[in-house]
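Asker: So that you have it, the file is work37.pdb, and it contains PDB, C-alpha atoms and all ligand atoms:
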```pdb
MODEL        1
ATOM      1  CA  MET A 128       0.000   0.000   0.000  1.00  0.00           C
ATOM      2  CA  SER A 129       1.458   3.411  -0.930  1.00  0.00           C
ATOM      3  CA  LYS A 130       1.786   6.068   1.745  1.00  0.00           C
ATOM      4  CA  GLN A 131       0.112   9.406   1.132  1.00  0.00           C
ATOM      5  CA  ILE A 132      -0.583  12.626   3.039  1.00  0.00           C
ATOM      6  CA  THR A 133      -2.582  15.460   1.443  1.00  0.00           C
ATOM      7  CA  PHE A 134      -2.743  18.831   3.224  1.00  0.00           C
ATOM      8  CA  ILE A 135      -5.677  21.141   2.437  1.00  0.00           C
ATOM      9  CA  LEU A 136      -5.826  24.749   3.632  1.00  0.00           C
ATOM     10  CA  GLU A 137      -9.021  26.699   2.900  1.00  0.00           C
ATOM     11  CA  PRO A 138      -7.905  30.329   2.544  1.00  0.00           C
ATOM     12  CA  ASP A 139     -11.333  31.872   3.172  1.00  0.00           C
ATOM     13  CA  ASN A 140     -11.820  30.348   6.624  1.00  0.00           C
ATOM     14  CA  GLY A 141      -8.377  29.037   7.619  1.00  0.00           C
ATOM     15  CA  LYS A 142      -9.668  25.462   8.029  1.00  0.00           C
ATOM     16  CA  PHE A 143      -6.842  22.912   7.807  1.00  0.00           C
ATOM     17  CA  THR A 144      -7.356  19.249   6.857  1.00  0.00           C
ATOM     18  CA  ALA A 145      -4.827  16.439   6.434  1.00  0.00           C
ATOM     19  CA  GLU A 146      -6.038  13.402   4.459  1.00  0.00           C
ATOM     20  CA  VAL A 147      -3.833  10.334   4.885  1.00  0.00           C
ATOM     21  CA  SER A 148      -3.638   6.752   3.692  1.00  0.00           C
ATOM     22  CA  GLY A 149      -1.238   3.862   4.182  1.00  0.00           C
ATOM     23  CA  LEU A 150       0.607   5.403   7.160  1.00  0.00           C
ATOM     24  CA  SER A 151       2.052   3.331   9.967  1.00  0.00           C
ATOM     25  CA  THR A 152       0.415   3.469  13.390  1.00  0.00           C
ATOM     26  CA  HIS A 153       3.214   5.468  15.003  1.00  0.00           C
ATOM     27  CA  VAL A 154       3.173   8.124  12.223  1.00  0.00           C
ATOM     28  CA  LEU A 155      -0.612   8.380  12.573  1.00  0.00           C
ATOM     29  CA  SER A 156      -0.267   8.793  16.344  1.00  0.00           C
ATOM     30  CA  ALA A 157       2.305  11.561  15.858  1.00  0.00           C
ATOM     31  CA  LEU A 158      -0.011  13.347  13.403  1.00  0.00           C
ATOM     32  CA  LYS A 159      -2.965  13.048  15.775  1.00  0.00           C
ATOM     33  CA  SER A 160      -0.956  14.474  18.629  1.00  0.00           C
ATOM     34  CA  ASP A 161       0.087  17.451  16.450  1.00  0.00           C
ATOM     35  CA  LEU A 162      -3.202  18.051  14.631  1.00  0.00           C
ATOM     36  CA  GLY A 163      -5.937  16.701  16.883  1.00  0.00           C
ATOM     37  CA  SER A 164      -8.611  14.057  16.408  1.00  0.00           C
ATOM     38  CA  SER A 165      -9.175  12.079  13.201  1.00  0.00           C
ATOM     39  CA  GLN A 166     -12.007  10.296  11.441  1.00  0.00           C
ATOM     40  CA  GLN A 167     -12.524   7.780   8.633  1.00  0.00           C
ATOM     41  CA  VAL A 168     -13.512   9.325   5.306  1.00  0.00           C
ATOM     42  CA  ASN A 169     -14.256   8.301   1.703  1.00  0.00           C
ATOM     43  CA  CYS A 170     -17.053   6.097   0.422  1.00  0.00           C
ATOM     44  CA  GLY A 171     -19.256   9.067   1.049  1.00  0.00           C
ATOM     45  CA  LYS A 172     -18.380   9.020   4.744  1.00  0.00           C
ATOM     46  CA  PRO A 173     -19.474  12.462   5.843  1.00  0.00           C
ATOM     47  CA  SER A 174     -17.426  14.952   7.758  1.00  0.00           C
ATOM     48  CA  ARG A 175     -19.718  16.015  10.579  1.00  0.00           C
ATOM     49  CA  ALA A 176     -18.257  19.511  10.653  1.00  0.00           C
ATOM     50  CA  GLY A 177     -20.666  22.196   9.589  1.00  0.00           C
ATOM     51  CA  GLN A 178     -23.592  19.888   9.019  1.00  0.00           C
ATOM     52  CA  THR A 179     -26.962  21.534   8.869  1.00  0.00           C
ATOM     53  CA  GLU A 180     -29.881  20.460  10.972  1.00  0.00           C
ATOM     54  CA  LEU A 181     -32.472  18.764   8.840  1.00  0.00           C
ATOM     55  CA  SER A 182     -35.144  20.855  10.450  1.00  0.00           C
ATOM     56  CA  GLN A 183     -33.839  23.869   8.528  1.00  0.00           C
ATOM     57  CA  CYS A 184     -34.698  22.060   5.313  1.00  0.00           C
ATOM     58  CA  LYS A 185     -38.114  20.994   6.488  1.00  0.00           C
ATOM     59  CA  LYS A 186     -39.544  24.456   6.764  1.00  0.00           C
ATOM     60  CA  THR A 187     -40.467  24.673   3.081  1.00  0.00           C
ATOM     61  CA  ALA A 188     -41.342  21.015   2.630  1.00  0.00           C
ATOM     62  CA  GLN A 189     -44.952  21.857   1.883  1.00  0.00           C
ATOM     63  CA  ASP A 190     -44.019  24.328  -0.881  1.00  0.00           C
ATOM     64  CA  ASP A 191     -43.296  21.712  -3.502  1.00  0.00           C
ATOM     65  CA  SER A 192     -44.803  18.445  -4.634  1.00  0.00           C
ATOM     66  CA  GLN A 193     -41.345  17.128  -5.648  1.00  0.00           C
ATOM     67  CA  THR A 194     -39.993  15.387  -2.568  1.00  0.00           C
ATOM     68  CA  ILE A 195     -36.951  13.320  -1.655  1.00  0.00           C
ATOM     69  CA  TRP A 196     -35.864  11.215   1.321  1.00  0.00           C
ATOM     70  CA  LEU A 197     -33.017  13.220   2.840  1.00  0.00           C
ATOM     71  CA  TYR A 198     -30.678  12.178   5.644  1.00  0.00           C
ATOM     72  CA  GLN A 199     -28.769  15.444   6.000  1.00  0.00           C
ATOM     73  CA  ILE A 200     -27.059  18.328   4.236  1.00  0.00           C
ATOM     74  CA  TYR A 201     -23.593  19.483   5.263  1.00  0.00           C
ATOM     75  CA  HIS A 202     -21.140  22.011   3.896  1.00  0.00           C
ATOM     76  CA  GLY A 203     -17.402  22.494   3.536  1.00  0.00           C
ATOM     77  CA  SER A 204     -16.454  18.877   2.782  1.00  0.00           C
ATOM     78  CA  VAL A 205     -13.083  18.435   1.050  1.00  0.00           C
ATOM     79  CA  VAL A 206     -13.259  14.645   0.671  1.00  0.00           C
ATOM     80  CA  ASP A 207     -16.424  14.101  -1.393  1.00  0.00           C
ATOM     81  CA  GLY A 208     -15.211  15.489  -4.721  1.00  0.00           C
ATOM     82  CA  PRO A 209     -12.960  18.258  -6.040  1.00  0.00           C
ATOM     83  CA  GLY A 210     -12.721  21.499  -4.071  1.00  0.00           C
ATOM     84  CA  ARG A 211     -15.100  22.327  -1.244  1.00  0.00           C
ATOM     85  CA  ARG A 212     -18.423  20.548  -1.490  1.00  0.00           C
ATOM     86  CA  SER A 213     -21.885  21.026  -0.132  1.00  0.00           C
ATOM     87  CA  VAL A 214     -23.165  17.494   0.359  1.00  0.00           C
ATOM     88  CA  ILE A 215     -26.734  16.259  -0.038  1.00  0.00           C
ATOM     89  CA  GLN A 216     -26.907  12.884   1.697  1.00  0.00           C
ATOM     90  CA  VAL A 217     -30.068  11.027   0.797  1.00  0.00           C
ATOM     91  CA  ALA A 218     -31.726   8.443   3.048  1.00  0.00           C
ATOM     92  CA  GLY A 219     -32.334   4.857   1.991  1.00  0.00           C
ATOM     93  CA  CYS A 220     -30.025   2.262   0.451  1.00  0.00           C
ATOM     94  CA  SER A 221     -31.089  -1.104  -0.961  1.00  0.00           C
ATOM     95  CA  ILE A 222     -27.513  -2.245  -1.678  1.00  0.00           C
ATOM     96  CA  ARG A 223     -26.268  -2.832   1.873  1.00  0.00           C
ATOM     97  CA  CYS A 224     -22.525  -3.371   1.264  1.00  0.00           C
ATOM     98  CA  PRO A 225     -20.906  -5.290   4.162  1.00  0.00           C
ATOM     99  CA  GLY A 226     -18.787  -2.880   6.215  1.00  0.00           C
ATOM    100  CA  CYS A 227     -20.592   0.243   4.944  1.00  0.00           C
ATOM    101  CA  TYR A 228     -19.455   3.353   6.860  1.00  0.00           C
ATOM    102  CA  VAL A 229     -22.934   4.855   6.986  1.00  0.00           C
ATOM    103  CA  PRO A 230     -25.430   2.112   7.967  1.00  0.00           C
ATOM    104  CA  GLU A 231     -27.562   4.760   9.635  1.00  0.00           C
ATOM    105  CA  THR A 232     -28.573   5.931   6.149  1.00  0.00           C
ATOM    106  CA  HIS A 233     -29.855   2.518   4.978  1.00  0.00           C
ATOM    107  CA  ASP A 234     -33.384   2.885   6.271  1.00  0.00           C
ATOM    108  CA  ARG A 235     -35.044   5.831   4.561  1.00  0.00           C
ATOM    109  CA  THR A 236     -37.232   6.472   7.567  1.00  0.00           C
ATOM    110  CA  ASN A 237     -34.076   7.502   9.473  1.00  0.00           C
ATOM    111  CA  GLY A 238     -34.268  10.581   7.259  1.00  0.00           C
ATOM    112  CA  ARG A 239     -37.150  12.904   6.402  1.00  0.00           C
ATOM    113  CA  LEU A 240     -39.244  13.435   3.311  1.00  0.00           C
ATOM    114  CA  VAL A 241     -38.494  17.021   2.243  1.00  0.00           C
ATOM    115  CA  SER A 242     -39.163  19.109  -0.837  1.00  0.00           C
ATOM    116  CA  VAL A 243     -36.552  19.432  -3.557  1.00  0.00           C
ATOM    117  CA  SER A 244     -37.156  23.190  -3.385  1.00  0.00           C
ATOM    118  CA  SER A 245     -36.079  23.340   0.253  1.00  0.00           C
ATOM    119  CA  ILE A 246     -32.805  21.626  -0.628  1.00  0.00           C
ATOM    120  CA  ILE A 247     -32.151  24.058  -3.475  1.00  0.00           C
ATOM    121  CA  GLU A 248     -32.816  26.980  -1.112  1.00  0.00           C
ATOM    122  CA  GLU A 249     -30.306  25.551   1.355  1.00  0.00           C
ATOM    123  CA  ILE A 250     -27.680  25.119  -1.376  1.00  0.00           C
ATOM    124  CA  ILE A 251     -28.184  28.659  -2.682  1.00  0.00           C
ATOM    125  CA  ALA A 252     -28.074  30.135   0.819  1.00  0.00           C
ATOM    126  CA  ASN A 253     -24.699  28.458   1.415  1.00  0.00           C
ATOM    127  CA  ARG A 254     -23.229  28.992  -2.019  1.00  0.00           C
ATOM    128  CA  TYR A 255     -20.211  30.841  -0.654  1.00  0.00           C
ATOM    129  CA  LYS A 256     -19.244  27.659   1.230  1.00  0.00           C
ATOM    130  CA  HIS A 257     -18.776  25.397  -1.784  1.00  0.00           C
ATOM    131  CA  ASP A 258     -17.276  24.939  -5.254  1.00  0.00           C
ATOM    132  CA  GLY A 259     -19.880  22.334  -6.115  1.00  0.00           C
ATOM    133  CA  VAL A 260     -22.468  19.915  -4.771  1.00  0.00           C
ATOM    134  CA  THR A 261     -22.092  16.189  -4.072  1.00  0.00           C
ATOM    135  CA  ILE A 262     -25.077  13.849  -3.897  1.00  0.00           C
ATOM    136  CA  LEU A 263     -24.442  10.658  -1.941  1.00  0.00           C
ATOM    137  CA  GLY A 264     -26.239   8.363   0.430  1.00  0.00           C
ATOM    138  CA  GLY A 265     -27.618   6.024   1.139  1.00  0.00           C
ATOM    139  CA  GLU A 266     -28.124   5.267  -2.518  1.00  0.00           C
ATOM    140  CA  PRO A 267     -29.177   8.219  -4.711  1.00  0.00           C
ATOM    141  CA  PHE A 268     -30.357   5.920  -7.526  1.00  0.00           C
ATOM    142  CA  ASP A 269     -32.973   4.341  -5.242  1.00  0.00           C
ATOM    143  CA  GLN A 270     -34.860   7.625  -5.808  1.00  0.00           C
ATOM    144  CA  PRO A 271     -34.115   8.355  -9.478  1.00  0.00           C
ATOM    145  CA  GLY A 272     -37.075  10.621 -10.215  1.00  0.00           C
ATOM    146  CA  SER A 273     -36.415  12.897  -7.237  1.00  0.00           C
ATOM    147  CA  VAL A 274     -32.666  12.955  -7.801  1.00  0.00           C
ATOM    148  CA  ALA A 275     -33.143  13.744 -11.509  1.00  0.00           C
ATOM    149  CA  GLU A 276     -35.249  16.744 -10.468  1.00  0.00           C
ATOM    150  CA  LEU A 277     -32.522  17.801  -8.048  1.00  0.00           C
ATOM    151  CA  VAL A 278     -29.841  17.477 -10.735  1.00  0.00           C
ATOM    152  CA  PHE A 279     -31.981  19.443 -13.189  1.00  0.00           C
ATOM    153  CA  ARG A 280     -32.406  22.349 -10.756  1.00  0.00           C
ATOM    154  CA  LEU A 281     -28.761  22.364  -9.683  1.00  0.00           C
ATOM    155  CA  LYS A 282     -27.579  22.327 -13.293  1.00  0.00           C
ATOM    156  CA  ARG A 283     -29.927  25.222 -14.085  1.00  0.00           C
ATOM    157  CA  LEU A 284     -27.912  27.153 -11.494  1.00  0.00           C
ATOM    158  CA  GLY A 285     -24.645  26.147 -13.183  1.00  0.00           C
ATOM    159  CA  ILE A 286     -23.469  24.071 -10.208  1.00  0.00           C
ATOM    160  CA  HIS A 287     -20.798  21.350 -10.567  1.00  0.00           C
ATOM    161  CA  ILE A 288     -22.286  18.007  -9.468  1.00  0.00           C
ATOM    162  CA  VAL A 289     -20.653  14.831  -8.172  1.00  0.00           C
ATOM    163  CA  ILE A 290     -22.824  11.786  -7.500  1.00  0.00           C
ATOM    164  CA  TYR A 291     -21.974   8.514  -5.750  1.00  0.00           C
ATOM    165  CA  SER A 292     -23.673   5.186  -6.442  1.00  0.00           C
ATOM    166  CA  GLY A 293     -23.229   1.706  -5.003  1.00  0.00           C
ATOM    167  CA  ASN A 294     -24.421   0.453  -8.413  1.00  0.00           C
ATOM    168  CA  THR A 295     -22.018   0.111 -11.300  1.00  0.00           C
ATOM    169  CA  MET A 296     -22.531   2.189 -14.404  1.00  0.00           C
ATOM    170  CA  ARG A 297     -23.529  -1.019 -16.242  1.00  0.00           C
ATOM    171  CA  THR A 298     -26.222  -1.854 -13.680  1.00  0.00           C
ATOM    172  CA  LEU A 299     -27.597   1.668 -13.896  1.00  0.00           C
ATOM    173  CA  ALA A 300     -27.676   1.621 -17.714  1.00  0.00           C
ATOM    174  CA  ASP A 301     -29.406  -1.774 -17.746  1.00  0.00           C
ATOM    175  CA  ARG A 302     -32.334  -0.380 -15.758  1.00  0.00           C
ATOM    176  CA  ARG A 303     -33.306   1.695 -18.836  1.00  0.00           C
ATOM    177  CA  ASP A 304     -34.921   4.339 -16.672  1.00  0.00           C
ATOM    178  CA  THR A 305     -35.266   7.817 -18.200  1.00  0.00           C
ATOM    179  CA  SER A 306     -34.533   9.547 -14.876  1.00  0.00           C
ATOM    180  CA  ILE A 307     -31.347   7.517 -14.417  1.00  0.00           C
ATOM    181  CA  HIS A 308     -30.326   8.325 -17.986  1.00  0.00           C
ATOM    182  CA  TYR A 309     -30.882  12.021 -17.297  1.00  0.00           C
ATOM    183  CA  ILE A 310     -28.778  11.913 -14.136  1.00  0.00           C
ATOM    184  CA  ILE A 311     -25.785  10.088 -15.605  1.00  0.00           C
ATOM    185  CA  THR A 312     -25.708  12.316 -18.670  1.00  0.00           C
ATOM    186  CA  HIS A 313     -25.903  15.582 -16.699  1.00  0.00           C
ATOM    187  CA  VAL A 314     -23.636  15.146 -13.663  1.00  0.00           C
ATOM    188  CA  ASP A 315     -19.968  16.137 -13.906  1.00  0.00           C
ATOM    189  CA  LEU A 316     -18.579  13.147 -12.052  1.00  0.00           C
ATOM    190  CA  LEU A 317     -20.073   9.769 -11.145  1.00  0.00           C
ATOM    191  CA  ILE A 318     -18.267   7.584  -8.603  1.00  0.00           C
ATOM    192  CA  ASP A 319     -19.679   4.104  -9.146  1.00  0.00           C
ATOM    193  CA  GLY A 320     -19.592   0.668  -7.583  1.00  0.00           C
ATOM    194  CA  PRO A 321     -20.302  -0.906  -4.197  1.00  0.00           C
ATOM    195  CA  PHE A 322     -18.029  -0.526  -1.214  1.00  0.00           C
ATOM    196  CA  ILE A 323     -15.876  -3.672  -0.865  1.00  0.00           C
ATOM    197  CA  ASN A 324     -14.282  -3.884   2.553  1.00  0.00           C
ATOM    198  CA  GLN A 325     -11.380  -6.095   1.381  1.00  0.00           C
ATOM    199  CA  LEU A 326     -10.427  -3.437  -1.201  1.00  0.00           C
ATOM    200  CA  ALA A 327     -10.660  -0.469   1.164  1.00  0.00           C
ATOM    201  CA  GLY A 328      -6.909   0.121   1.451  1.00  0.00           C
ATOM    202  CA  ASN A 329      -5.276   2.610  -0.903  1.00  0.00           C
ATOM    203  CA  ALA A 330      -8.598   3.241  -2.636  1.00  0.00           C
ATOM    204  CA  GLY A 331      -7.600   6.579  -4.161  1.00  0.00           C
ATOM    205  CA  GLU A 332      -9.063  10.028  -4.152  1.00  0.00           C
ATOM    206  CA  TYR A 333     -12.728  10.332  -3.095  1.00  0.00           C
ATOM    207  CA  ARG A 334     -13.228   6.536  -3.131  1.00  0.00           C
ATOM    208  CA  GLY A 335     -13.958   4.016  -0.387  1.00  0.00           C
ATOM    209  CA  SER A 336     -12.587   0.915  -2.138  1.00  0.00           C
ATOM    210  CA  GLN A 337     -10.353   0.237  -5.126  1.00  0.00           C
ATOM    211  CA  ASN A 338     -13.137  -1.134  -7.361  1.00  0.00           C
ATOM    212  CA  GLN A 339     -14.945   2.206  -7.414  1.00  0.00           C
ATOM    213  CA  ARG A 340     -14.340   4.350 -10.492  1.00  0.00           C
ATOM    214  CA  LEU A 341     -14.305   8.074 -11.201  1.00  0.00           C
ATOM    215  CA  ILE A 342     -16.378   8.508 -14.361  1.00  0.00           C
ATOM    216  CA  PHE A 343     -16.300  11.956 -15.853  1.00  0.00           C
ATOM    217  CA  ASP A 344     -18.491  14.018 -18.131  1.00  0.00           C
ATOM    218  CA  SER A 345     -17.657  13.396 -21.792  1.00  0.00           C
ATOM    219  CA  GLN A 346     -17.326  17.179 -22.275  1.00  0.00           C
ATOM    220  CA  ASP A 347     -14.119  16.997 -20.274  1.00  0.00           C
ATOM    221  CA  ARG A 348     -11.741  15.588 -22.875  1.00  0.00           C
ATOM    222  CA  THR A 349      -8.956  15.021 -20.369  1.00  0.00           C
ATOM    223  CA  LYS A 350     -10.978  12.408 -18.454  1.00  0.00           C
ATOM    224  CA  ALA A 351     -12.660   9.075 -19.195  1.00  0.00           C
ATOM    225  CA  PRO A 352     -16.048   9.765 -20.797  1.00  0.00           C
ATOM    226  CA  LEU A 353     -19.220   8.641 -19.037  1.00  0.00           C
ATOM    227  CA  THR A 354     -20.542   6.769 -22.042  1.00  0.00           C
ATOM    228  CA  SER A 355     -17.458   4.574 -22.513  1.00  0.00           C
ATOM    229  CA  ALA A 356     -17.587   3.459 -18.868  1.00  0.00           C
ATOM    230  CA  ILE A 357     -20.661   1.264 -19.340  1.00  0.00           C
TER     231      ILE A 357
HETATM  232  S1  LIG A 401     -24.100   1.761  -1.547  1.00  0.00           S
HETATM  233 FE1  LIG A 401     -23.043   3.220  -0.169  1.00  0.00          FE
HETATM  234  S2  LIG A 401     -24.543   3.642   1.461  1.00  0.00           S
HETATM  235 FE2  LIG A 401     -25.249   1.792   0.393  1.00  0.00          FE
HETATM  236  S3  LIG A 401     -24.409   0.110   1.597  1.00  0.00           S
HETATM  237 FE3  LIG A 401     -22.948   0.533  -0.075  1.00  0.00          FE
HETATM  238  S4  LIG A 401     -21.451   1.975   0.820  1.00  0.00           S
HETATM  239 FE4  LIG A 401     -23.262   1.956   2.172  1.00  0.00          FE
ENDMDL
END
```
Step by step, read the file and then write its structure as structure tokens.
Ligand code: SF4
Answerer:
Amino acid sequence: MSKQITFILEPDNGKFTAEVSGLSTHVLSALKSDLGSSQQVNCGKPSRAGQTELSQCKKTAQDDSQTIWLYQIYHGSVVDGPGRRSVIQVAGCSIRCPGCYVPETHDRTNGRLVSVSSIIEEIIANRYKHDGVTILGGEPFDQPGSVAELVFRLKRLGIHIVIYSGNTMRTLADRRDTSIHYIITHVDLLIDGPFINQLAGNAGEYRGSQNQRLIFDSQDRTKAPLTSAI
């Protein structure tokens, strides 16, 4: 396993983050003693810092017939995609990977049914805190119609979107669902595949296990196109 330390300093708020992988126990201990507490990340594992109470999203839930099962929204993540992300974590996952970091999101009733409009309001209100939005779960593609609506409204605002799925691109394509097709052809980055505990080491940027892939928008010629990843 290769050793890696990435230091991230956010100039607008002075927040400092060190992301590490493959380090020995004594190096990790030395880092913790210098920098403070640590937590597991990747595979959509949320940073709890700056998370927003769901109740703030609920206030406009009646304003819109388009609803989605939401676990939480949090801001300022630097591990769920490029730059600083606002993260929409949906509730409900039918995939149930062994060793999943976020089992609390599996049952959708652990979240709340909220309007898509209330989520958009929250994202707009916190726009200064992010360079883009990440949608993860739970499993976003368990709610394709609602997530497609979310993607449509975010894209209308010109927002960069990352989405995670425990499904592979092939599985998603085989469902032949128009909402799924809309999502995978409009997001900027899809991170696909289930979390596999045995492959968790040295998984790479933004990923929880080595099998997961970063699949980019075909408009970005420097990256693997979405359509060739099926
Ligand atoms: S798809 Fe994601 S949320 Fe669902 S079980 Fe797998 S790792 Fe957990």
Asker: Got a sec to check which residues lie within 10 Å of ligand LIG 401 (chain A), using all atoms listed in the file, and send them as a tab-separated table (two decimals) with C-alpha atoms, keeping the file's coordinate frame?
Answerer:
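Written output follows (result-v5.tsv):
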```
chain	number	residue	atom	x	y	z
A	169	ASN	CA	-14.26	8.30	1.70
A	170	CYS	CA	-17.05	6.10	0.42
A	171	GLY	CA	-19.26	9.07	1.05
A	172	LYS	CA	-18.38	9.02	4.74
A	216	GLN	CA	-26.91	12.88	1.70
A	217	VAL	CA	-30.07	11.03	0.80
A	218	ALA	CA	-31.73	8.44	3.05
A	219	GLY	CA	-32.33	4.86	1.99
A	220	CYS	CA	-30.02	2.26	0.45
A	221	SER	CA	-31.09	-1.10	-0.96
A	222	ILE	CA	-27.51	-2.24	-1.68
A	223	ARG	CA	-26.27	-2.83	1.87
A	224	CYS	CA	-22.52	-3.37	1.26
A	225	PRO	CA	-20.91	-5.29	4.16
A	226	GLY	CA	-18.79	-2.88	6.22
A	227	CYS	CA	-20.59	0.24	4.94
A	228	TYR	CA	-19.45	3.35	6.86
A	229	VAL	CA	-22.93	4.86	6.99
A	230	PRO	CA	-25.43	2.11	7.97
A	231	GLU	CA	-27.56	4.76	9.64
A	232	THR	CA	-28.57	5.93	6.15
A	233	HIS	CA	-29.86	2.52	4.98
A	263	LEU	CA	-24.44	10.66	-1.94
A	264	GLY	CA	-26.24	8.36	0.43
A	265	GLY	CA	-27.62	6.02	1.14
A	266	GLU	CA	-28.12	5.27	-2.52
A	267	PRO	CA	-29.18	8.22	-4.71
A	268	PHE	CA	-30.36	5.92	-7.53
A	269	ASP	CA	-32.97	4.34	-5.24
A	291	TYR	CA	-21.97	8.51	-5.75
A	292	SER	CA	-23.67	5.19	-6.44
A	293	GLY	CA	-23.23	1.71	-5.00
A	294	ASN	CA	-24.42	0.45	-8.41
A	319	ASP	CA	-19.68	4.10	-9.15
A	320	GLY	CA	-19.59	0.67	-7.58
A	321	PRO	CA	-20.30	-0.91	-4.20
A	322	PHE	CA	-18.03	-0.53	-1.21
A	323	ILE	CA	-15.88	-3.67	-0.86
A	324	ASN	CA	-14.28	-3.88	2.55
A	335	GLY	CA	-13.96	4.02	-0.39
A	336	SER	CA	-12.59	0.92	-2.14
```
Asker: For the file shown, report as a count of residues only the outcome of the PyMOL selection byres (((chain A and resi 207) around 8) and not hetatm) at residue level.
Answerer: 11
Asker: Given only C-alpha atoms as the basis, pick out the residue of A:Leu158, A:Ile251, A:Leu317, A:Ile246 nearest to Gln199 in chain A.
Answerer: A:Ile246
Asker: Quick one: contact table of range 199-304 of chain A to range 311-314 of chain A, 12 Å max, nearest atom pair and distance in Å to one decimal per residue, counting all atoms listed in the file, chain and number order, as CSV?
Answerer:
```
residue,atom,partner,partner_atom,distance
A:Gly259,CA,A:Val314,CA,11.1
A:Val260,CA,A:Val314,CA,10.2
A:Thr261,CA,A:Val314,CA,9.8
A:Ile262,CA,A:Val314,CA,10.0
A:Pro267,CA,A:Ile311,CA,11.6
A:Phe268,CA,A:Ile311,CA,10.2
A:Pro271,CA,A:Ile311,CA,10.5
A:Val274,CA,A:Ile311,CA,10.8
A:Ala275,CA,A:His313,CA,9.1
A:Glu276,CA,A:His313,CA,11.3
A:Leu277,CA,A:Val314,CA,10.8
A:Val278,CA,A:Val314,CA,7.2
A:Phe279,CA,A:His313,CA,8.0
A:Arg280,CA,A:His313,CA,11.1
A:Leu281,CA,A:Val314,CA,9.7
A:Lys282,CA,A:His313,CA,7.7
A:Arg283,CA,A:His313,CA,10.8
A:Gly285,CA,A:Val314,CA,11.1
A:Ile286,CA,A:Val314,CA,9.6
A:His287,CA,A:Val314,CA,7.5
A:Ile288,CA,A:Val314,CA,5.3
A:Val289,CA,A:Val314,CA,6.3
A:Ile290,CA,A:Val314,CA,7.1
A:Tyr291,CA,A:Val314,CA,10.5
A:Ser292,CA,A:Ile311,CA,10.6
A:Thr295,CA,A:Ile311,CA,11.5
A:Met296,CA,A:Ile311,CA,8.6
A:Arg297,CA,A:Ile311,CA,11.4
A:Leu299,CA,A:Ile311,CA,8.8
A:Ala300,CA,A:Ile311,CA,8.9
A:Arg303,CA,A:Ile311,CA,11.7
A:Asp304,CA,A:Ile311,CA,10.8
```
Asker: Tell me, in Å to one decimal, how far CA of Val154 in chain A is from CA of Arg334 in chain A.
Answerer: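 Computing the Euclidean distance for CA of Val154 in chain A and CA of Arg334 in chain A yields 22.5 Å.
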Asker: Could you work out how far CA of Tyr309 in chain A lies from CA of Ala252 in chain A, giving the answer in Å with one decimal?
Answerer: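 Between these atoms lies a distance of 25.8 Å.
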Asker: I need the output of the PyMOL selection byres (((chain A and resi 196) around 7) and not hetatm) for this file as a list in words; which residues are they?
Answerer: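 Selected by the PyMOL selection byres (((chain A and resi 196) around 7) and not hetatm) here: Ile195, Leu197, Tyr198, Val217, Ala218, Arg235, Gly238, Arg239, Leu240 and Val241 of chain A.
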